[in-house]
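Input: a single structure, listed below in structure tokens.
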There are 4 protein chains.
Amino acid sequence: MPPILCIAGPGEGAPLDAIAAAERVAELAARAGWAVVCGGRDAGVMAAVARGARRGGGLAIGLLPGNTTEGAAPELSLALATGLGEARNAVLAQSCNKMVACGMNPGTASEVALALKAGKPVVLIRPEPAAAEFFQGLAPELVRIAESADQAVALLTTSSSP
Amino acid sequence: MPPILCIAGPGEGAPLDAIAAAERVAELAARAGWAVVCGGRDAGVMAAVARGARRGGGLAIGLLPGNTTEGAAPELSLALATGLGEARNAVLAQSCNKMVACGMNPGTASEVALALKAGKPVVLIRPEPAAAEFFQGLAPELVRIAESADQAVALLTTSSSP
Amino acid sequence: MPPILCIAGPGEGAPLDAIAAAERVAELAARAGWAVVCGGRDAGVMAAVARGARRGGGLAIGLLPGNTTEGAAPELSLALATGLGEARNAVLAQSCNKMVACGMNPGTASEVALALKAGKPVVLIRPEPAAAEFFQGLAPELVRIAESADQAVALLTTSSSP
Amino acid sequence: MPPILCIAGPGEGAPLDAIAAAERVAELAARAGWAVVCGGRDAGVMAAVARGARRGGGLAIGLLPGNTTEGAAPELSLALATGLGEARNAVLAQSCNKMVACGMNPGTASEVALALKAGKPVVLIRPEPAAAEFFQGLAPELVRIAESADQAVALLTTSSSP
């Protein structure tokens, strides 16, 4: 079975560079043999993850908060309606081996924090200084900063990666 | 995206005919274009679902109750450690379009009941009379009985199916 | 801390005798020192549980499926909006020491099945024959049948109770 | 029914001033008519919340991550074993009206982030500068900083408070 990468980030209102980074991370990770999981909605970083993983030829599973798959990103391999609301963020954090965050909002912050709580390495791509300082302070041994999607994927796959 | 079939049934202690039925349902459903989800453990009906879906060339996603994928059925396409305990049964019921149950124990009963609560059609394969009567009484319009795996898949795919 | 009794049963459409039984069980259990938990909505058995526990002077905690406490039974001691949808049934089953079911529908069946999966004793009050046979077949050592609310509470509190 | 305050903070390893602040917030909030919820374990901030609420004469409900109430803070009014693992943090965030955080670690960060995602006002007591800046940047209209437990409770109860 492939290892699982969770790519977290905002839906609506995601910055364009976060969207571009997420799509690139998903594509590169898929090519490198990762399955990717994300929040699954057809918006922002989530939609970009689905597009990128499809282009990279990998599995992309979306875990949606609601009771149906309405509004799921159409490029996903599979959309699972969890019905759990935001508690699905805990499932994303628990089910992945590693996480990359592109952009930041309260939902993304919860995913990063839950991943750290579960002991999972997290790469933040071009975070604001406060986000970088905050999460590195929480779990210095688990958090890495990347300046680009390519660097993020390199950090994920080097043997000494977080 | 493919429609999703949840195949429910006991792990340890599953009767041999339930295991055989689950494997056959998974294979036929995979050939017919369904993705399958199950509880994901390497035991009984769950393991059979993974084997059957793989033989049928389809996606099989296991939703595990614990915090790791240890003990996951190796033939799964992907094992997601939900960390939710038995609340993952609600995710299985919510995320599927339809459900087939092979064998019965308390966990399986919870999956069937949650699927009915969510309004999902359920096919029971060769249930005990009390199980058939109980679930048909709960939701007569959603529950069908099949005498074989092949009949179960036929019921899933006919346009007038539950 | 008090032991916890989950009283399960239908909301809308609950039979009058199930509502009356739930209210009586909650009152008697509260007088006997139990805290009660239930699904929390202001309907049917859930509302009756809140009323009965209040009359008995005990704690009644409602675990609601939605994101707000709108529609919570007003007599509850506390309403917790779980946001988990029907996965909150797993929390009800896991958090109680014992369960009593008054009436039956798919949601109630899921709570009973999840309680049995978690190894919790369950008393069914005046179940239909199919329900009695089904659940006793699933877990004979955990399921008891009561003909009245008073008998149900007696079964809960005798040392040799299930 | 009383409004619900979630008091979040580390268990093992919580700083002494965070423990003292949590106990004081819980006591003052209980006196002011709030019910409090917390993670429920007999450690650090969680244990302090239980003690403080009891001294203040209010309800304190602990939502534990595991399948049993083993290790619950003994001063709780009620301990609910959710069986959800860290997904119970989402339930804490969803079920409260407001949140106060005393101290910070990955679990606490997830609770704060989930509360902000759910639109709940959060008061951080004496946060590190990076935490203050990070969370205020995420949701400036919802996050307030307090220098003391008393100030935190004052912020919770003023009509114009977040």
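Lettering and numbering for the structure tokens are positional, with chains as A, B, ... in the shown order, residues counted from 1 in each chain, and ligands counted from 1 in the shown order.
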Can you list, as a tab-separated table (two decimals) with N, CA and C atoms, in the first residue's frame, all residues belonging to stretch 26-113 of chain C that DSSP tags as strand (DSSP E or B)?
chain	number	residue	atom	x	y	z
C	35	ALA	N	-26.35	9.22	36.31
C	35	ALA	CA	-26.48	10.28	35.32
C	35	ALA	C	-27.01	9.64	34.05
C	36	VAL	N	-27.81	10.38	33.30
C	36	VAL	CA	-28.31	9.81	32.05
C	36	VAL	C	-27.80	10.62	30.86
C	37	VAL	N	-27.54	9.91	29.79
C	37	VAL	CA	-27.20	10.55	28.52
C	37	VAL	C	-28.20	10.09	27.48
C	38	CYS	N	-28.44	10.96	26.52
C	38	CYS	CA	-29.37	10.62	25.44
C	38	CYS	C	-29.04	11.49	24.23
C	41	ARG	N	-32.40	15.61	21.59
C	41	ARG	CA	-33.35	16.45	20.85
C	41	ARG	C	-34.68	16.53	21.59
C	60	ALA	N	-28.85	15.10	33.33
C	60	ALA	CA	-29.19	14.57	32.01
C	60	ALA	C	-28.40	15.35	30.97
C	61	ILE	N	-27.52	14.64	30.27
C	61	ILE	CA	-26.67	15.27	29.27
C	61	ILE	C	-27.14	14.81	27.90
C	62	GLY	N	-27.42	15.76	27.03
C	62	GLY	CA	-27.83	15.42	25.66
C	62	GLY	C	-26.69	15.62	24.69
C	63	LEU	N	-26.44	14.60	23.89
C	63	LEU	CA	-25.40	14.70	22.85
C	63	LEU	C	-26.10	14.87	21.51
C	64	LEU	N	-26.09	16.09	21.01
C	64	LEU	CA	-26.84	16.40	19.80
C	64	LEU	C	-25.99	16.13	18.56
C	72	ALA	N	-32.68	21.38	21.15
C	72	ALA	CA	-32.38	20.52	22.30
C	72	ALA	C	-33.56	20.49	23.27
C	78	LEU	N	-27.60	19.72	30.44
C	78	LEU	CA	-26.63	20.30	29.52
C	78	LEU	C	-26.82	19.66	28.15
C	79	ALA	N	-26.73	20.49	27.13
C	79	ALA	CA	-26.82	20.01	25.74
C	79	ALA	C	-25.48	20.25	25.07
C	80	LEU	N	-24.88	19.18	24.59
C	80	LEU	CA	-23.59	19.28	23.90
C	80	LEU	C	-23.81	19.06	22.41
C	81	ALA	N	-23.56	20.09	21.63
C	81	ALA	CA	-23.64	19.95	20.17
C	81	ALA	C	-22.36	19.30	19.69
C	98	LYS	N	-24.31	1.41	31.03
C	98	LYS	CA	-25.36	0.50	30.60
C	98	LYS	C	-26.33	1.29	29.74
C	99	MET	N	-27.18	0.59	29.01
C	99	MET	CA	-28.15	1.24	28.12
C	99	MET	C	-29.53	0.61	28.31
C	100	VAL	N	-30.54	1.45	28.20
C	100	VAL	CA	-31.92	0.97	28.11
C	100	VAL	C	-32.50	1.51	26.82
C	101	ALA	N	-33.17	0.64	26.06
C	101	ALA	CA	-33.81	1.09	24.82
C	101	ALA	C	-35.32	1.01	24.97
C	102	CYS	N	-35.98	2.11	24.64
C	102	CYS	CA	-37.43	2.23	24.68
C	102	CYS	C	-37.91	2.52	23.27
Give the residues of chain D that lie within 9 Å of chain C; count only C-alpha atoms, and format the answer as a ChimeraX atom specification.
/D:1-4,35,59,67-69,74-84,88,90-96,118
Give me, as a CSV table (one decimal) with C-alpha atoms, in the first residue's frame, all polymer residues having an atom no more than 12 Å from D:Leu156, counting only C-alpha atoms and skipping those fewer than 6 positions away in the same chain.
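Result file is around31.csv:
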chain,number,residue,atom,x,y,z
D,3,PRO,CA,-23.8,28.4,28.5
D,4,ILE,CA,-20.7,26.2,28.0
D,5,LEU,CA,-17.1,27.3,28.4
D,6,CYS,CA,-14.4,25.0,27.1
D,7,ILE,CA,-11.1,25.5,29.0
D,25,VAL,CA,-11.0,30.5,35.3
D,28,LEU,CA,-15.0,32.0,38.4
D,29,ALA,CA,-16.9,30.7,35.4
D,32,ALA,CA,-20.9,33.1,37.0
D,33,GLY,CA,-23.2,30.3,35.8
D,34,TRP,CA,-21.2,28.6,33.1
D,97,ASN,CA,-20.0,28.7,23.4
D,98,LYS,CA,-16.6,30.2,24.2
D,99,MET,CA,-13.2,28.9,24.9
D,100,VAL,CA,-10.3,29.9,27.2
D,120,LYS,CA,-16.3,30.6,18.7
D,121,PRO,CA,-14.7,33.4,20.7
D,122,VAL,CA,-11.4,32.4,22.3
D,123,VAL,CA,-9.4,34.0,25.1
D,124,LEU,CA,-5.8,33.1,25.3
D,142,LEU,CA,-12.6,36.1,17.7
D,143,VAL,CA,-9.3,36.1,19.6
D,144,ARG,CA,-8.7,38.1,22.7
D,145,ILE,CA,-5.6,38.1,25.0
D,146,ALA,CA,-5.9,38.2,28.8
D,149,ALA,CA,-7.7,34.4,34.8
D,150,ASP,CA,-9.8,37.2,36.2
D,162,PRO,CA,-15.9,38.5,21.2
If you run DSSP on the backbone here, which positions in stretch 1-68 of chain D get alpha helix (DSSP H)? Please write them as a PDB file with C-alpha atoms, in the first residue's frame.
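Full text of out.pdb as output:
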ATOM      1  CA  LEU D  16       2.272  25.810  36.845  1.00  0.00           C
ATOM      2  CA  ASP D  17       0.888  29.214  35.927  1.00  0.00           C
ATOM      3  CA  ALA D  18      -1.329  27.676  33.253  1.00  0.00           C
ATOM      4  CA  ILE D  19      -2.655  25.182  35.798  1.00  0.00           C
ATOM      5  CA  ALA D  20      -3.337  27.919  38.307  1.00  0.00           C
ATOM      6  CA  ALA D  21      -5.037  30.073  35.684  1.00  0.00           C
ATOM      7  CA  ALA D  22      -7.231  27.208  34.505  1.00  0.00           C
ATOM      8  CA  GLU D  23      -8.360  26.424  38.027  1.00  0.00           C
ATOM      9  CA  ARG D  24      -9.206  30.058  38.671  1.00  0.00           C
ATOM     10  CA  VAL D  25     -11.031  30.494  35.343  1.00  0.00           C
ATOM     11  CA  ALA D  26     -13.065  27.369  36.013  1.00  0.00           C
ATOM     12  CA  GLU D  27     -14.009  28.522  39.493  1.00  0.00           C
ATOM     13  CA  LEU D  28     -14.986  32.009  38.385  1.00  0.00           C
ATOM     14  CA  ALA D  29     -16.866  30.743  35.355  1.00  0.00           C
ATOM     15  CA  ALA D  30     -18.749  28.226  37.479  1.00  0.00           C
ATOM     16  CA  ARG D  31     -19.740  30.983  39.917  1.00  0.00           C
ATOM     17  CA  GLY D  44      -2.416  19.480  34.183  1.00  0.00           C
ATOM     18  CA  VAL D  45      -4.990  21.962  32.981  1.00  0.00           C
ATOM     19  CA  MET D  46      -7.723  19.351  32.653  1.00  0.00           C
ATOM     20  CA  ALA D  47      -7.475  18.327  36.293  1.00  0.00           C
ATOM     21  CA  ALA D  48      -7.343  21.976  37.331  1.00  0.00           C
ATOM     22  CA  VAL D  49     -10.541  22.711  35.431  1.00  0.00           C
ATOM     23  CA  ALA D  50     -12.336  19.955  37.296  1.00  0.00           C
ATOM     24  CA  ARG D  51     -11.110  21.204  40.671  1.00  0.00           C
ATOM     25  CA  GLY D  52     -11.965  24.812  39.957  1.00  0.00           C
ATOM     26  CA  ALA D  53     -15.442  24.136  38.644  1.00  0.00           C
ATOM     27  CA  ARG D  54     -16.205  21.969  41.634  1.00  0.00           C
ATOM     28  CA  ARG D  55     -15.063  24.703  44.009  1.00  0.00           C
ATOM     29  CA  GLY D  56     -17.203  27.179  42.087  1.00  0.00           C
TER      30      GLY D  56
END
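Reported to one decimal place, the separation of atom CA of A:Gly71 from atom CA of D:Ser110 is 25.5 Å.
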